[in-house]
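*Asks:* Please find one structure pasted underneath; my questions will follow.
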Amino acid sequence: MVIGGGISGIQAALDIANSGYEVVLVERLPSIGGHMAQLSETFPTLDCSQCILTPRTVEVGHHEKIKLVTYSEVEEVRSQGDDLRVKVRRKPAYVDWERCTGCGLCQEKCPWRVTSDFERGIGERKVIYTLSPQAVPNKPVIDREHCVYFQKGGKCGACAKFCPVEAIDFQQKEEIWEEQVGAIVVATGYDLYPMERLSEYDGGHHPDVIDSLQFERLLSASGPTAGEIRRPSDGAVPKEVVFVQCAGSRDPERGVAYCSQICCMYTAKQALLYKHKVHEGQAYVFYIDIRAGGKGYEEFVQRAMEEERVLYLRGKVSKIFPQNSKVMVWGADTLSGKRVEIAADLVILATAILPSQGAWDLKEKLGIKIDESGFYEEAHPQVRPIESGVPGIYLAGAGQGPKDIPEAVAQGSAAAAKVLALFASEV
Amino acid sequence: MRKVGVFVCHCGRNIAGTVDVERVTEALRSYPGVAYSIDYLYMCSDPGQDLIKEAIAKRDLDGVVVAACSPAMHEITFRRTVAAAGLNPYLCEVANIREQCSWVHRDDMERATLKAIQIIGTIVEKVHHDEPLVPLAVPIARRALIIGGGIAGLQAASDIAAAGYAVILVEREERLGGRMAQLSGTYLNFDSTADLLSEKVEVVTRNPHITVLTRAQVEAVGGYLGDFKVKVRQQGNDKEYEVGAIVVATGYDLYPKERLSEYGGERYPDVIDGLEFERMLSPTGPTAGEVRCPSDGRVPQEVVFVQCAGSRDPERGVSYCSKICCMYTAKQAMMYKMQVPQGQAYIFYIDIRALGKGYEEFTQRAMEEHRVLYLRGKVSKVFPQDGKMMVWGADTLSGKRVEVAADLVVLATPMVPNADAFGLAQKLRVATDEYGFFSEAHPKLRPVESLTAGVYLAGACQAPKDIPEAVTQGGAAAAKVLSLFSQEKITHDPIVAAVDSELCAGCGICVEVCPYEAREIHPLTKVAVVKEVLCQGCGACLVACPNKASHLRNFAPAQIMAMIEALEGG
Amino acid sequence: MRHLYFPGCTLSTKAKGFAASGEASARALGIDLVELSQWNCCGATFPLAMDNLLALVAPTRILLNAQKEGDHLVALCSICYHVLKRTNRLLREEADKREKINLFIEEEYRGEVRVFHLLGLLRDEIGFETLSQRVQKRFQGLKVAPYYGCLLLRPFQEIGLDDPEEPRILDDFLASLGCEVVEFSHKTECCGSYLTMNSSEVTRELSHAILRSALASGAQAVVTSCPLCQFNLDYRQGEMAAHYPGFAQIPVLYFTQLLGIALGIESDTFGLADHHVDPRPLLREV
């Protein structure tokens with residue numbers, strides 16, 4: 001069983017399934033892809049994230065050895081001999097996915113719009129929805145909390161009226177069943193540090209102070225602005241954009257002590273993409289250290305500075321607050337020793353990476369350890385980075401610690417190797 | 001002429017929002033050679049696929065065109081569908097009317113509709129000329145060759161062997177362990193690298209599935225995925241091994257100190273590199289772990305660590321970042337301070353790149369608990385003066401020049417690919433980047449695969465990386481090998497070149513241009529023959545052949561011409 | 001062979017000995033230095049401000065004049081060489097700046113002339129081995145410190161004469177004259193340059209560090225190819241004794257002075273008597 005359908009879990013599932021073993025892939029959301037499905041383009045090659053991801057999600061969706069279980073969570077885990085018994089709970093989608101053809105008519109006809117979590121609150125979705133047009137599986141779920149049918153006692157029901165295959169099932173109940181598996185790969189990924197906790201950076205009040213995943217949605221061709229850079233408050237094209245790195249990272253007092261590892265690179269990418277779209281705009285990046293450690297990364301950051309003239313300022317930002325129609329950013333430039341004040345149109349906070357919310361619960365169920373930051377603890381940081389310490393349970397991706405896509409993919413594969421070796425030894 | 005069925009997908013509103021799919025379906029119905037056409041909301045859905053299967057059976061179709069999204073998305077899906085209906089899968093083609101039509105012509109439905117009809121027409125022509133093909137199947141030698149016995153290679157070997165497959169591990173040196181064997185301890189926890197390593201080496205040497213060849217080198221590589229023939233030279237003797245997959249784990253060297261003339265090159269004994277300092281710190285090293293100045297054996301009281309000594313320096317060194325130096329330098333400075341508590345350690349840096357779990361906290365410990373002095377700036381010059389090594393640097397935070405009279409200077413020189421890497425890459429026909437690191441198939445999603453089928457990459461041969469990353473990559477490369485070995489046979493796409501022996505004059509030009517060594521002149525018939533499993537279908541031979549004797553299966557010249565004519569006619 | 005030659009201002013005034021020794025030596029080696037019929041000051045600095053194109057007009061005129069009389073130009077002074085070489089590259093490679101400058105001078109120059117330093121000619125045309133065979137008086141046992149300074153070598157991408165951190169050209173040249181060339185750490189450090197005008201104490205300190213390093217390596221003389229370096233290293237020694245206890249003086253020579261003497265040319269015009277630290281006793285000694 002692979003828990004988590006992000007890129008790391010997908011990779012682990014595919015490597016195991018392609019070796020002839022059966023895989024149950026459990027995903028909390030209605031479709032797989034994880035955070036990678038939210039991203040615009042990836043550094044350093046600027047490949048479209050969705051475009052390189054979709055072939056993988058489709059492969060998972062079609063794989064005869066992979067049982068894809070989305071909208072579901074692990075309820076309980078028991079070991080029985082060499083096997084693990086995992087109780088899985090599936091939330092009701094109120095749509096019969098067996099019947100549903102994924103035609104999308106229900107979403108078109110549903111009259112109700114709500115704020116979308118997938119769009120990080122800066123876009124909308126219908127009350128019956130899929131995460132994206134490329135969703136795998138491409139089957140919708142009904143958001144019960146906002147659905148007029150549920151909340152107002154049977155009124156509306158537009159989706160059911162228009163569904164050509166009668167797949168809407170308002171009576172659907174949650175399902176709980178048990179899977180018997182030989183090994184578990186935990187790939188539950190990350191969340192971002194909530195902006196609300198960064199009160200010195202306006203605490204998420206002002207619409208034009210956004211986090212980096214929100215900015216990814218703004219940059220994304222499939223996002224709420226179809227890839228145009230428009231600030232959330234009034235839709236204007238921002239001319240002065242400030243990127244604040246280490247917003248909560250490397251900050252034991254106000255945030256987390258650790259480094260989130262990926263922000264330097266995605267910020268350089270975001271600044272570069274911003275400049276590609278708004279040529280006359282000015283991008284500022286506040287940083288402590290530029291951590292460009294991967295292959296081609298250093299060169300990528302140099303490109304942002306030299307070719308795209310992104311202005312890097314070495315210093316922390318002390319305060320962000322609204323003033324007139326602008327957002328004021330107070331910072332320091334430690335190289336000139338001067339205070340810096342920028343009246344920005346848009347501010348992007350590279351907020352810290354946190355372990356996924358469910359990690360705490362899951363570690364109890366699995367009997368694995370987490371470290372003081374809440375990430376899963378590996379058996380040995382140098383030579384056993386994939387093993388959890390509990391036999392048959394392996395770690396992959398950002399649940400173990402912040403990491404970027406190639407590292408998450410490599411860990412997914414490495415976890416698969418452990419599973420394959422384990423299965424082979426049992427035969 | 002075939003009886004072709006055309007299946008037009010709405011893709012929800014994705015296509016139908018811009019292209020009038022009903023009109024397209026109608027237009028295709030009267031297209032020459034089209035026996036049937038129908039549209040549906042989502043062809044890739046199960047009911048959509050059933051529609052295709054049903055039509056094949058009822059209408060006796062022997063060719064299928066699905067007009068939908070890019071073939072990269074669903075070609076496999078639809079080919080499986082027609083195969084399930086008993087048709088040869090290569091008689092099914094996808095006409096891309098989404099990415100190449102509806103998505104790019106959102107504001108002009110009329111022209112988008114006409115373009116969709118044209119696109120589908122060309123693919124109908126293609127299907128008429130398609131031959132039924134059968135994927136090539138190659139047996140697999142279920143044995144892996146691993147080149148390099150450092151930590152990445154050891155991990156790959158133990159993971160593959162743990163699954164029960166045979167492994168041949170080739171190591172150039174006398175002992176296994178690679179660079180890790182030279183190190184003093186790990187960062188974060190100061191574990192003894194020797195202990196961690198010997199555990200891994202033990203696992204490998206004890207495993208009966210693993211054959212370890214030390215003081216051995218790969219001489220030549222022939223064959224292909226599933227059936228490589230590798231000649232290994234061990235102490236003068238050559239032996240050939242048949243293996244199904246190869247993992248390259250050749251690791252790194254350090255940038256030669258002598259090229260850093262501003263730091264004195266090799267001239268001064270008390271200017272050493274990171275690995276030399278590791279040996280000094282190591283209990284098995286020349287000083288039994290005691291830090292001493294190489295010049296006169298005194299205990300150094302002032303030690304300067306110079307980071308980016310050649311890294312991030314396109315003029316004097318390499319332009320990339322070596323990734324691991326920030327962390328090992330912090331570790332080295334701490335180990336020095338533990339040994340010489342009254343001594344002073346200085347670290348010159350550009351950025352502190354503490355990229356890993358617990359790494360940030362570790363460098364903070366170096367600064368706060370061990371009082372290592374971090375100075376943000378480059379070192380411009382190192383030279384001897386009055387028995388000390390003078391270090392000139394800058395502190396960009398105070399904006400001041402800094403001069404330290406040091407006893408010992410440790411240069412964190414860049415990681416560069418192993419000296420043998422380039423030659424090996426050529427033997428393996430694997431691409432390397434401008435610095436000589438092995439190139440991965442895709443920087444995001446295929447980090448441990450090379451573009452040469454059956455050759456995988458692990459560790460620092462691909463780019464600078466630290467121990468946990470090398471271990472992870474070793475494991476990941478093993479997963480790729482295990483997936484491969486689990487197949488019955490390797491299937492290979494049959495879209496390969498073919499030779500018309502009537503037209504071939506045996507001139508041999510195609511043999512020379514083929515980048516995959518997939519061609520030879522038959523010794524008896526004297527015409528060119530294609531080694532189909534090596535052929536990647538690139539088409540270089542087609543262009544080169546003066547007699548037009550070469551063609552690519554299902555991309556024959558007549559076929560392409562028919563497609564172009566369909567486009568002009570429509 | 002005929003070579004167009006740009007002496008520059010300092011070689012016509014303060015450093016006449018540099019010019020005389022260079023010209024005479026060249027002649028003796030068959031290098032026919034023909035002075036540019038019309039020339040002006042090169043400006044003596046290459047502007048660091050990217051938009052200061054006006055400062056490039058003077059060197060552009062020199063190059064333009066050179067183009068009318070030949071296809072290449074030789075300089076002796078490191079600064080002139082530096083300014084001319086960099087200006088020339090800019091005019092060749094940066095079209096927009098070239099256009100502006102050409103508009104200003106109302107003539108068309110595109111950087112076609114090639115700019116050489118005499119040291120480069122000696123290395124690449126004569127060859128140090130040939131040179132060594134032409135030497136009549138070898139400086140056997142004379143320990144010299146080859147001092148390059150900054151402008152002869154940097155920036156490497158634009159000058160390209162030799163490795164900017166570990167240069168060989170002056171070392172090899174001096175070795176061909178029979179000198180014992182000492183390795184010293186400060187051979188490419190800055191002497192203080194124009195700071196000598198308004199912050200002489202900075203120049204004194206920097207120059208002292210260079211001389212100290214040369215002396216510590218056992219050098220008996222320092223050799224340079226730049227009149228400003230020569231001035232700073234030589235003239236400032238007068239104050240050094242007072243500031244740095246135990247400082248010993250050391251002669252600072254132009255490379256051409258040693259060359260001329262080695263080739264057996266009468267050194268009367270070489271300006272040896274004009275040096276602050278008289279080199280003649282040392283030269284007599286060897």
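Following the order of the structure tokens, chains are lettered A, B, ..., residues in each are numbered from 1, and ligands are numbered from 1.
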Counting only C-alpha atoms, which residues of chain C come no farther than 9 Å from chain B, as a ChimeraX atom specification?

*Replies:* /C:156-157,165-166,184-186,213,216

*Asks:* Near Ala163 of chain B, counting only C-alpha atoms, which residues have an atom at most 7 Å away, once you skip same-chain residues fewer than 4 positions from it, shown as a VMD selection string?

*Replies:* (chain A and resid 420 to 421 424 to 425) or (chain B and resid 159)

*Asks:* Considering only C-alpha atoms, return as a list in words whatever protein or nucleic-acid residues lie within 12 Å of Arg98 of chain C, sequence-local ones (same chain, fewer than 2 positions apart) excluded.

*Replies:*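 Selected residues are Leu53, Leu54, Leu56, Val57, Thr60, Thr87, Asn88, Arg89, Leu90, Leu91, Arg92, Glu93, Glu94, Ala95, Asp96, Lys100, Ile101, Asn102, Leu103, Phe104, Ile105, Glu106, Glu107, Glu108, Tyr109, Arg110 and Gly111 of chain C.
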
*Asks:* Pick out the residues sitting within 8 Å of Gln261 of chain A, and hand them over as an NGL selection string; count only C-alpha atoms, and ignore anything fewer than 4 positions along from it in its own chain.

*Replies:* (:A and (291 or 402-404)) or (:B and (355-356))

*Asks:* Using N, CA and C atoms, can you export the residues from the last selection as a PDB file, in the first residue's frame?

*Replies:*
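Everything below was put into result-v4.pdb:
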ATOM      1  N   ARG A 291      20.052  29.119  -1.543  1.00  0.00           N
ATOM      2  CA  ARG A 291      20.415  27.712  -1.454  1.00  0.00           C
ATOM      3  C   ARG A 291      20.049  26.989  -2.739  1.00  0.00           C
ATOM      4  N   PRO A 402      11.479  18.312   4.041  1.00  0.00           N
ATOM      5  CA  PRO A 402      11.231  19.065   2.810  1.00  0.00           C
ATOM      6  C   PRO A 402      12.119  18.566   1.679  1.00  0.00           C
ATOM      7  N   LYS A 403      11.546  18.408   0.512  1.00  0.00           N
ATOM      8  CA  LYS A 403      12.381  18.055  -0.637  1.00  0.00           C
ATOM      9  C   LYS A 403      11.702  18.446  -1.941  1.00  0.00           C
ATOM     10  N   ASP A 404      12.501  18.544  -2.994  1.00  0.00           N
ATOM     11  CA  ASP A 404      11.941  18.947  -4.281  1.00  0.00           C
ATOM     12  C   ASP A 404      11.561  17.721  -5.110  1.00  0.00           C
TER      13      ASP A 404
ATOM     14  N   LEU B 355      21.129  22.189   2.986  1.00  0.00           N
ATOM     15  CA  LEU B 355      19.961  21.646   2.303  1.00  0.00           C
ATOM     16  C   LEU B 355      19.728  20.199   2.683  1.00  0.00           C
ATOM     17  N   GLY B 356      19.067  19.993   3.772  1.00  0.00           N
ATOM     18  CA  GLY B 356      18.742  18.630   4.162  1.00  0.00           C
ATOM     19  C   GLY B 356      18.110  18.667   5.527  1.00  0.00           C
TER      20      GLY B 356
END

*Asks:* Write out as a ChimeraX atom specification which residues come within 8 Å of Asp71 of chain C when counting only C-alpha atoms, dropping same-chain ones fewer than 3 positions away.

*Replies:* /C:66-67,112-114

*Asks:* Based on the selection just made, write C-alpha atoms of those residues as a compact mmCIF listing (two decimals), in the first residue's frame.

*Replies:*
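And here's out_29.txt as it stands now:
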# COMPACT_ATOMS: atom_id res chain seq x y z
CA ALA C 66 46.33 53.56 -36.27
CA GLN C 67 43.90 52.05 -38.75
CA GLU C 112 39.63 46.17 -36.61
CA VAL C 113 43.11 47.16 -35.37
CA ARG C 114 44.93 44.57 -33.26

*Asks:* Give me, as a PyMOL selection string, the contact residues of chain A against chain B at a cut-off of 7 Å, counting only C-alpha atoms.

*Replies:* chain A and resi 15+18-20+55+101+103-104+257-259+261+289-291+293-296+298-299+334-335+381-383+385+401+405-406+409-411+413-414+416-418+420-421+424-425

*Asks:* For a quick check of understanding, using only C-alpha atoms, which of A:Glu387, A:Asp333, A:Glu145, A:Asp345 has the smallest distance to Ile288 of chain A?

*Replies:*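 Counting only C-alpha atoms, the residue closest to Ile288 of chain A is A:Asp333.
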
*Asks:* Counting only C-alpha atoms, what is within 8 Å of segment 267-273 of chain C, bar same-chain residues fewer than 3 positions away, as a ChimeraX atom specification?

*Replies:* /C:15-18,20-21,257,260-261,278-280

*Asks:* Would you please extract all strand (DSSP E) residues from segment 228-270 of chain A, as assigned by DSSP on the backbone, and give them as a list in words?

*Replies:*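 Output for segment 228-270 of chain A, strand (DSSP E) only: Glu240, Val241, Val242, Phe243, Val244, Gln245, Cys246 and Ala247 of chain A.
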
*Asks:* Calculate how many Å separate atom CA of Asp96 of chain A from atom CA of Val77 of chain A, rounding to one decimal.

*Replies:*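 Between these atoms lies a distance of 27.3 Å.
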
*Asks:* Which residues are near Met335 of chain B? Cut-off 10 Å, only C-alpha atoms, ignore same chain within fewer than 6 positions. Put them as a list in words.

*Replies:*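 Listing them by chain and then by number gives Ser184, Gly185, Tyr187, Phe190, Leu281, Val291, Thr329, Pro341, Ala366 and His370 of chain B.
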
*Asks:* Take the residues just selected and output them with C-alpha atoms as a PDB file, in the first residue's frame.

*Replies:*
ATOM      1  CA  SER B 184      36.168  10.808   9.157  1.00  0.00           C
ATOM      2  CA  GLY B 185      32.542  10.978  10.201  1.00  0.00           C
ATOM      3  CA  TYR B 187      27.565  15.353   9.643  1.00  0.00           C
ATOM      4  CA  PHE B 190      29.363  12.476  13.861  1.00  0.00           C
ATOM      5  CA  LEU B 281      40.460  13.815  11.103  1.00  0.00           C
ATOM      6  CA  VAL B 291      44.808  17.829  13.491  1.00  0.00           C
ATOM      7  CA  THR B 329      32.904  22.279   6.211  1.00  0.00           C
ATOM      8  CA  PRO B 341      38.868  23.992  21.954  1.00  0.00           C
ATOM      9  CA  ALA B 366      28.588  25.173  14.562  1.00  0.00           C
ATOM     10  CA  HIS B 370      31.230  25.796  18.750  1.00  0.00           C
TER      11      HIS B 370
END

*Asks:* Identify, with DSSP run on backbone atoms, the residues in segment 8-172 of chain A assigned to alpha helix (DSSP H), and express the list as a PyMOL selection string.

*Replies:* chain A and resi 8-17+49-62+105-109+148-151+158-162

*Asks:* Residues of the last selection are to be written out with C-alpha atoms, as an mmCIF file, in the first residue's frame.

*Replies:*
data_model
loop_
_atom_site.group_PDB
_atom_site.id
_atom_site.type_symbol
_atom_site.label_atom_id
_atom_site.label_comp_id
_atom_site.auth_asym_id
_atom_site.auth_seq_id
_atom_site.Cartn_x
_atom_site.Cartn_y
_atom_site.Cartn_z
ATOM 1 C CA SER A 8 6.554 10.456 -4.624
ATOM 2 C CA GLY A 9 3.707 8.034 -3.932
ATOM 3 C CA ILE A 10 2.888 7.788 -7.635
ATOM 4 C CA GLN A 11 6.498 6.901 -8.394
ATOM 5 C CA ALA A 12 6.607 4.256 -5.673
ATOM 6 C CA ALA A 13 3.289 2.788 -6.827
ATOM 7 C CA LEU A 14 4.370 2.622 -10.459
ATOM 8 C CA ASP A 15 7.747 1.071 -9.697
ATOM 9 C CA ILE A 16 6.150 -1.617 -7.542
ATOM 10 C CA ALA A 17 3.276 -2.270 -9.937
ATOM 11 C CA SER A 49 4.271 20.743 -14.278
ATOM 12 C CA GLN A 50 0.844 19.448 -15.232
ATOM 13 C CA CYS A 51 2.151 18.297 -18.627
ATOM 14 C CA ILE A 52 4.929 16.135 -17.225
ATOM 15 C CA LEU A 53 2.751 14.894 -14.383
ATOM 16 C CA THR A 54 -0.354 13.875 -16.344
ATOM 17 C CA PRO A 55 1.228 10.919 -18.157
ATOM 18 C CA ARG A 56 2.148 9.529 -14.722
ATOM 19 C CA THR A 57 -1.279 10.051 -13.188
ATOM 20 C CA VAL A 58 -2.913 8.551 -16.274
ATOM 21 C CA GLU A 59 -0.586 5.560 -16.086
ATOM 22 C CA VAL A 60 -1.609 5.040 -12.469
ATOM 23 C CA GLY A 61 -5.271 5.389 -13.399
ATOM 24 C CA HIS A 62 -4.999 2.716 -16.068
ATOM 25 C CA LEU A 105 -22.019 18.068 -17.323
ATOM 26 C CA CYS A 106 -22.897 18.122 -13.608
ATOM 27 C CA GLN A 107 -20.152 20.655 -12.950
ATOM 28 C CA GLU A 108 -21.338 22.787 -15.795
ATOM 29 C CA LYS A 109 -24.934 22.734 -14.596
ATOM 30 C CA VAL A 148 -27.943 23.314 -1.344
ATOM 31 C CA TYR A 149 -29.509 19.887 -1.749
ATOM 32 C CA PHE A 150 -28.049 18.788 1.576
ATOM 33 C CA GLN A 151 -28.256 22.074 3.409
ATOM 34 C CA ALA A 158 -29.433 20.170 -10.726
ATOM 35 C CA CYS A 159 -26.581 17.720 -11.047
ATOM 36 C CA ALA A 160 -28.881 14.741 -10.644
ATOM 37 C CA LYS A 161 -31.330 16.198 -13.161
ATOM 38 C CA PHE A 162 -28.735 16.660 -15.848
#

*Asks:* Quick one, how far is atom CA of Arg365 of chain B from atom CA of Ala330 of chain B?

*Replies:*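 Rounded to one decimal, the two atoms are 9.0 Å apart.
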